[in-house]
Amino acid sequence: MNIAGLQKTTLLDYPGKVACTVFLQGCNFRCPFCQNGEILGGGEGDISEEEFFAFLKKRKGILDGVCVSGGEPLLQDVAPFLRAMKELGYSVKLDTNGAFPKKLKQLCAAGLVDFVAMDIKNSPQNYSKTAGCAVDLSAIEESAAFLLEGTLGYEFRTTVVKELHTGGDFVRIGQWLRGANRYFLQTFRDSETVLKKGLTPCSEAQMQAFKQLVKPFIPNVLIRGEE
């Protein structure tokens, strides 16, 4: 397993859990707003599996869960990795872009994932532009439909970028994900590691306006950081 990094404690990434977040190398998307550009190409990780599991063993009783993020974790064969976490008694949250629905369903059916956070890049009409590459939209839709069945905990989330998203996009996202348990809008944050320079966040007023456009379809829509 190619591990890019480890956030040793988070109270935000896994709802209701004290967790750590492990970042895996590699991604099949090239979202222009991505903050993790240095790990998208894959390659050898900075942390060995032995080091990671030694950390988890040491933190038993302090941490409740592990968030497995990236990059895109499902590019790698994560089943043995997740199974080892479960055997230590940890709850597992998977962050995914939804491009691998078959793998997602298999991992969930095997009881290796307890919660899924799926990124929704944009409305279907603007998906490839926002993902920075050609996207098999049918795969994305299959993953979303699977989560909407509600067989396990999940949330959808969209990082909102002024240059990439419009009000019409959020109406279409709301129609697509109608009735979802929870949908988060996340304000884009610029940094030195963002893939494309010159992108800007939306104002608080714009974010609130987008939220109101989604609300008729997904009542539990929140801006990340809101109570």
# chains A, B, ... in the order shown; residues from 1 in each chain; ligands from 1

$ select_by_dssp --residues "range 2-212 of chain A" --states "strand (DSSP E or B)" --output "ChimeraX atom specification"
/A:3-10,19-24,47,60,63,65-69,91-96,115-119,153-160,183-187

$ residues_around --residues "range 25-40 of chain A" --least-positions-apart "6" --cutoff "6 Å" --atoms "only C-alpha atoms" --output "ChimeraX atom specification"
/A:2-4,71-72,130-132,193-196

$ residues_around --residues "Lys8 in chain A" --least-positions-apart "3" --cutoff "12 Å" --atoms "only C-alpha atoms" --output "list of chain:residue names"
A:Gly5, A:Leu11, A:Asp13, A:Val18, A:Ala19, A:Cys20, A:Thr21, A:Val22, A:Phe23, A:Phe52, A:Phe55, A:Leu56, A:Lys58, A:Arg59, A:Ile62, A:Leu63, A:Gly65, A:Val66, A:Cys67

$ write_last_selection --atoms "all heavy atoms" --output "short mmCIF file (atom, residue, chain, number, x, y, z; two decimals), in the first residue's frame"
data_model
loop_
_atom_site.label_atom_id
_atom_site.label_comp_id
_atom_site.auth_asym_id
_atom_site.auth_seq_id
_atom_site.Cartn_x
_atom_site.Cartn_y
_atom_site.Cartn_z
N GLY A 5 0.58 9.98 3.43
CA GLY A 5 0.65 10.78 4.64
C GLY A 5 -0.38 10.35 5.66
O GLY A 5 -1.27 9.53 5.38
N LEU A 11 -11.23 15.52 14.41
CA LEU A 11 -12.58 15.51 14.97
C LEU A 11 -13.61 15.87 13.92
O LEU A 11 -14.81 15.88 14.21
CB LEU A 11 -12.67 16.48 16.15
CG LEU A 11 -11.72 16.21 17.33
CD1 LEU A 11 -11.86 17.31 18.38
CD2 LEU A 11 -11.98 14.85 17.95
N ASP A 13 -13.33 14.86 10.21
CA ASP A 13 -13.43 14.07 8.98
C ASP A 13 -14.38 12.89 9.07
O ASP A 13 -14.91 12.44 8.04
CB ASP A 13 -12.03 13.54 8.58
CG ASP A 13 -11.13 14.65 8.08
OD1 ASP A 13 -11.65 15.73 7.77
OD2 ASP A 13 -9.91 14.44 8.01
N VAL A 18 -13.75 10.12 16.82
CA VAL A 18 -12.39 10.62 16.92
C VAL A 18 -11.56 9.71 16.02
O VAL A 18 -11.52 8.49 16.23
CB VAL A 18 -11.86 10.57 18.36
CG1 VAL A 18 -10.43 11.09 18.42
CG2 VAL A 18 -12.77 11.38 19.29
N ALA A 19 -10.93 10.28 15.02
CA ALA A 19 -10.33 9.45 13.97
C ALA A 19 -8.96 9.98 13.57
O ALA A 19 -8.54 11.06 13.98
CB ALA A 19 -11.24 9.39 12.75
N CYS A 20 -8.29 9.19 12.75
CA CYS A 20 -7.12 9.65 12.02
C CYS A 20 -7.46 9.56 10.54
O CYS A 20 -8.44 8.90 10.16
CB CYS A 20 -5.88 8.81 12.34
SG CYS A 20 -5.99 7.09 11.80
N THR A 21 -6.69 10.24 9.71
CA THR A 21 -6.90 10.18 8.26
C THR A 21 -5.61 9.74 7.60
O THR A 21 -4.56 10.35 7.81
CB THR A 21 -7.33 11.55 7.70
OG1 THR A 21 -8.56 11.94 8.32
CG2 THR A 21 -7.53 11.47 6.19
N VAL A 22 -5.71 8.68 6.80
CA VAL A 22 -4.56 8.19 6.05
C VAL A 22 -4.78 8.52 4.58
O VAL A 22 -5.86 8.29 4.03
CB VAL A 22 -4.34 6.67 6.28
CG1 VAL A 22 -5.55 5.84 5.89
CG2 VAL A 22 -3.10 6.19 5.55
N PHE A 23 -3.77 9.10 3.96
CA PHE A 23 -3.85 9.53 2.56
C PHE A 23 -3.07 8.56 1.68
O PHE A 23 -1.88 8.32 1.90
CB PHE A 23 -3.28 10.95 2.41
CG PHE A 23 -4.02 11.98 3.20
CD1 PHE A 23 -3.61 12.30 4.50
CD2 PHE A 23 -5.11 12.64 2.67
CE1 PHE A 23 -4.28 13.25 5.24
CE2 PHE A 23 -5.79 13.60 3.41
CZ PHE A 23 -5.38 13.91 4.69
N PHE A 52 2.27 2.48 9.92
CA PHE A 52 0.88 2.90 10.07
C PHE A 52 0.15 2.00 11.07
O PHE A 52 -0.54 2.49 11.97
CB PHE A 52 0.18 2.87 8.72
CG PHE A 52 -1.29 3.16 8.78
CD1 PHE A 52 -1.76 4.40 9.19
CD2 PHE A 52 -2.21 2.17 8.47
CE1 PHE A 52 -3.12 4.65 9.27
CE2 PHE A 52 -3.57 2.42 8.54
CZ PHE A 52 -4.03 3.66 8.94
N PHE A 55 1.14 2.52 14.60
CA PHE A 55 0.46 3.71 15.12
C PHE A 55 -0.96 3.36 15.57
O PHE A 55 -1.39 3.74 16.66
CB PHE A 55 0.44 4.81 14.05
CG PHE A 55 -0.53 5.92 14.32
CD1 PHE A 55 -0.23 6.93 15.22
CD2 PHE A 55 -1.77 5.95 13.67
CE1 PHE A 55 -1.13 7.95 15.48
CE2 PHE A 55 -2.67 6.97 13.92
CZ PHE A 55 -2.35 7.97 14.82
N LEU A 56 -1.71 2.62 14.72
CA LEU A 56 -3.09 2.27 15.07
C LEU A 56 -3.14 1.42 16.33
O LEU A 56 -4.03 1.60 17.18
CB LEU A 56 -3.76 1.52 13.92
CG LEU A 56 -4.13 2.34 12.68
CD1 LEU A 56 -4.94 1.47 11.71
CD2 LEU A 56 -4.92 3.60 13.03
N LYS A 58 -1.08 1.47 18.80
CA LYS A 58 -0.74 2.34 19.93
C LYS A 58 -1.92 3.23 20.32
O LYS A 58 -2.08 3.57 21.49
CB LYS A 58 0.47 3.21 19.56
CG LYS A 58 1.05 4.00 20.71
CD LYS A 58 2.22 4.85 20.26
CE LYS A 58 3.39 4.01 19.78
NZ LYS A 58 4.58 4.84 19.45
N ARG A 59 -2.76 3.58 19.32
CA ARG A 59 -3.86 4.52 19.59
C ARG A 59 -5.19 3.84 19.88
O ARG A 59 -6.22 4.51 19.96
CB ARG A 59 -4.02 5.47 18.40
CG ARG A 59 -2.81 6.31 18.09
CD ARG A 59 -2.36 7.18 19.26
NE ARG A 59 -3.31 8.22 19.61
CZ ARG A 59 -3.33 9.43 19.04
NH1 ARG A 59 -2.44 9.76 18.13
NH2 ARG A 59 -4.22 10.33 19.41
N ILE A 62 -8.12 5.28 22.02
CA ILE A 62 -8.10 6.75 21.90
C ILE A 62 -8.84 7.16 20.62
O ILE A 62 -9.68 8.05 20.65
CB ILE A 62 -6.66 7.27 21.87
CG1 ILE A 62 -5.93 6.89 23.17
CG2 ILE A 62 -6.63 8.78 21.67
CD1 ILE A 62 -4.45 7.18 23.17
N LEU A 63 -8.52 6.48 19.53
CA LEU A 63 -9.21 6.72 18.26
C LEU A 63 -10.33 5.71 18.07
O LEU A 63 -10.21 4.55 18.47
CB LEU A 63 -8.22 6.60 17.09
CG LEU A 63 -7.03 7.56 17.07
CD1 LEU A 63 -6.14 7.24 15.87
CD2 LEU A 63 -7.51 9.01 17.01
N GLY A 65 -11.99 5.63 14.80
CA GLY A 65 -12.10 5.30 13.39
C GLY A 65 -10.91 5.77 12.57
O GLY A 65 -10.05 6.52 13.05
N VAL A 66 -10.90 5.29 11.33
CA VAL A 66 -9.87 5.67 10.36
C VAL A 66 -10.56 6.17 9.09
O VAL A 66 -11.44 5.49 8.55
CB VAL A 66 -8.95 4.49 10.00
CG1 VAL A 66 -7.89 4.94 9.00
CG2 VAL A 66 -8.31 3.89 11.24
N CYS A 67 -10.17 7.36 8.63
CA CYS A 67 -10.62 7.87 7.34
C CYS A 67 -9.56 7.51 6.30
O CYS A 67 -8.39 7.85 6.48
CB CYS A 67 -10.77 9.39 7.38
SG CYS A 67 -11.88 9.98 8.67
#

$ select_by_dssp --residues "range 8-199 of chain A" --states "alpha helix (DSSP H)" --output "NGL selection string"
:A and (49-58 or 79-87 or 101-109 or 127-131 or 137-148 or 167-176)

$ residues_around --residues "Ser138 in chain A" --least-positions-apart "3" --cutoff "10 Å" --atoms "only C-alpha atoms" --output "PyMOL selection string"
chain A and resi 99+101+124+135+141-144

$ write_last_selection --atoms "N, CA, C and O atoms" --output "PDB file, in the first residue's frame"
ATOM      1  N   ALA A  99     -15.658   6.759  -8.930  1.00  0.00           N
ATOM      2  CA  ALA A  99     -15.357   6.259 -10.269  1.00  0.00           C
ATOM      3  C   ALA A  99     -15.273   4.739 -10.348  1.00  0.00           C
ATOM      4  O   ALA A  99     -15.190   4.183 -11.445  1.00  0.00           O
ATOM      5  N   PRO A 101     -17.494   1.968  -8.967  1.00  0.00           N
ATOM      6  CA  PRO A 101     -18.658   1.469  -8.224  1.00  0.00           C
ATOM      7  C   PRO A 101     -18.579  -0.011  -7.877  1.00  0.00           C
ATOM      8  O   PRO A 101     -19.040  -0.417  -6.798  1.00  0.00           O
ATOM      9  N   PRO A 124     -23.968  16.821 -13.766  1.00  0.00           N
ATOM     10  CA  PRO A 124     -23.524  15.888 -14.809  1.00  0.00           C
ATOM     11  C   PRO A 124     -23.027  16.587 -16.075  1.00  0.00           C
ATOM     12  O   PRO A 124     -22.053  16.129 -16.690  1.00  0.00           O
ATOM     13  N   VAL A 135     -14.490  11.656 -17.912  1.00  0.00           N
ATOM     14  CA  VAL A 135     -15.074  10.895 -16.809  1.00  0.00           C
ATOM     15  C   VAL A 135     -16.175   9.989 -17.353  1.00  0.00           C
ATOM     16  O   VAL A 135     -16.988  10.414 -18.172  1.00  0.00           O
ATOM     17  N   GLU A 141     -22.632   7.894 -11.497  1.00  0.00           N
ATOM     18  CA  GLU A 141     -24.058   7.787 -11.191  1.00  0.00           C
ATOM     19  C   GLU A 141     -24.379   6.466 -10.497  1.00  0.00           C
ATOM     20  O   GLU A 141     -25.231   6.411  -9.609  1.00  0.00           O
ATOM     21  N   GLU A 142     -23.688   5.397 -10.879  1.00  0.00           N
ATOM     22  CA  GLU A 142     -23.906   4.102 -10.228  1.00  0.00           C
ATOM     23  C   GLU A 142     -23.481   4.144  -8.765  1.00  0.00           C
ATOM     24  O   GLU A 142     -24.180   3.622  -7.883  1.00  0.00           O
ATOM     25  N   SER A 143     -22.335   4.757  -8.492  1.00  0.00           N
ATOM     26  CA  SER A 143     -21.882   4.878  -7.098  1.00  0.00           C
ATOM     27  C   SER A 143     -22.857   5.714  -6.280  1.00  0.00           C
ATOM     28  O   SER A 143     -23.197   5.357  -5.138  1.00  0.00           O
ATOM     29  N   ALA A 144     -23.300   6.835  -6.834  1.00  0.00           N
ATOM     30  CA  ALA A 144     -24.239   7.696  -6.121  1.00  0.00           C
ATOM     31  C   ALA A 144     -25.547   6.967  -5.848  1.00  0.00           C
ATOM     32  O   ALA A 144     -26.107   7.045  -4.738  1.00  0.00           O
TER      33      ALA A 144
END

$ residues_around --residues "Ala117 in chain A" --least-positions-apart "2" --cutoff "8 Å" --atoms "only C-alpha atoms" --output "PyMOL selection string"
chain A and resi 93-96+115+119+154-157

$ write_last_selection --atoms "N, CA and C atoms" --output "PDB file, in the first residue's frame"
ATOM      1  N   LYS A  93     -13.999   4.809   7.433  1.00  0.00           N
ATOM      2  CA  LYS A  93     -14.664   5.735   6.508  1.00  0.00           C
ATOM      3  C   LYS A  93     -13.821   5.832   5.235  1.00  0.00           C
ATOM      4  N   LEU A  94     -14.483   5.734   4.096  1.00  0.00           N
ATOM      5  CA  LEU A  94     -13.802   5.799   2.813  1.00  0.00           C
ATOM      6  C   LEU A  94     -14.184   7.076   2.086  1.00  0.00           C
ATOM      7  N   ASP A  95     -13.182   7.847   1.659  1.00  0.00           N
ATOM      8  CA  ASP A  95     -13.402   9.001   0.791  1.00  0.00           C
ATOM      9  C   ASP A  95     -13.163   8.553  -0.644  1.00  0.00           C
ATOM     10  N   THR A  96     -14.114   8.813  -1.542  1.00  0.00           N
ATOM     11  CA  THR A  96     -13.971   8.347  -2.915  1.00  0.00           C
ATOM     12  C   THR A  96     -14.586   9.331  -3.894  1.00  0.00           C
ATOM     13  N   PHE A 115     -18.668   3.837   6.479  1.00  0.00           N
ATOM     14  CA  PHE A 115     -19.188   5.158   6.083  1.00  0.00           C
ATOM     15  C   PHE A 115     -18.455   5.582   4.823  1.00  0.00           C
ATOM     16  N   ASP A 119     -17.282  12.480  -3.257  1.00  0.00           N
ATOM     17  CA  ASP A 119     -17.177  13.803  -3.860  1.00  0.00           C
ATOM     18  C   ASP A 119     -18.075  13.883  -5.084  1.00  0.00           C
ATOM     19  N   TYR A 154     -23.452   7.570   4.786  1.00  0.00           N
ATOM     20  CA  TYR A 154     -22.774   8.255   3.682  1.00  0.00           C
ATOM     21  C   TYR A 154     -23.048   9.750   3.735  1.00  0.00           C
ATOM     22  N   GLU A 155     -22.219  10.477   3.004  1.00  0.00           N
ATOM     23  CA  GLU A 155     -22.489  11.880   2.715  1.00  0.00           C
ATOM     24  C   GLU A 155     -21.937  12.194   1.335  1.00  0.00           C
ATOM     25  N   PHE A 156     -22.554  13.143   0.679  1.00  0.00           N
ATOM     26  CA  PHE A 156     -22.034  13.701  -0.563  1.00  0.00           C
ATOM     27  C   PHE A 156     -21.453  15.068  -0.240  1.00  0.00           C
ATOM     28  N   ARG A 157     -20.483  15.501  -1.062  1.00  0.00           N
ATOM     29  CA  ARG A 157     -19.872  16.804  -0.800  1.00  0.00           C
ATOM     30  C   ARG A 157     -19.324  17.389  -2.102  1.00  0.00           C
TER      31      ARG A 157
END

$ atom_distance --atom1 "CA of His165 in chain A" --atom2 "CA of Asn122 in chain A"
7.1 Å

$ atom_distance --atom1 "CA of Ala134 in chain A" --atom2 "CA of Leu199 in chain A"
20.6 Å

$ atom_distance --atom1 "CA of Gly41 in chain A" --atom2 "CA of Gln106 in chain A"
25.1 Å

$ closest_residue --among "A:Gly150, A:Pro80, A:Gly179, A:Pro73" --to "Leu104 in chain A" --atoms "only C-alpha atoms"
A:Pro73

$ residues_around --residues "Val113 in chain A" --least-positions-apart "4" --cutoff "8 Å" --atoms "only C-alpha atoms" --output "PyMOL selection string"
chain A and resi 82+91-94+107-108
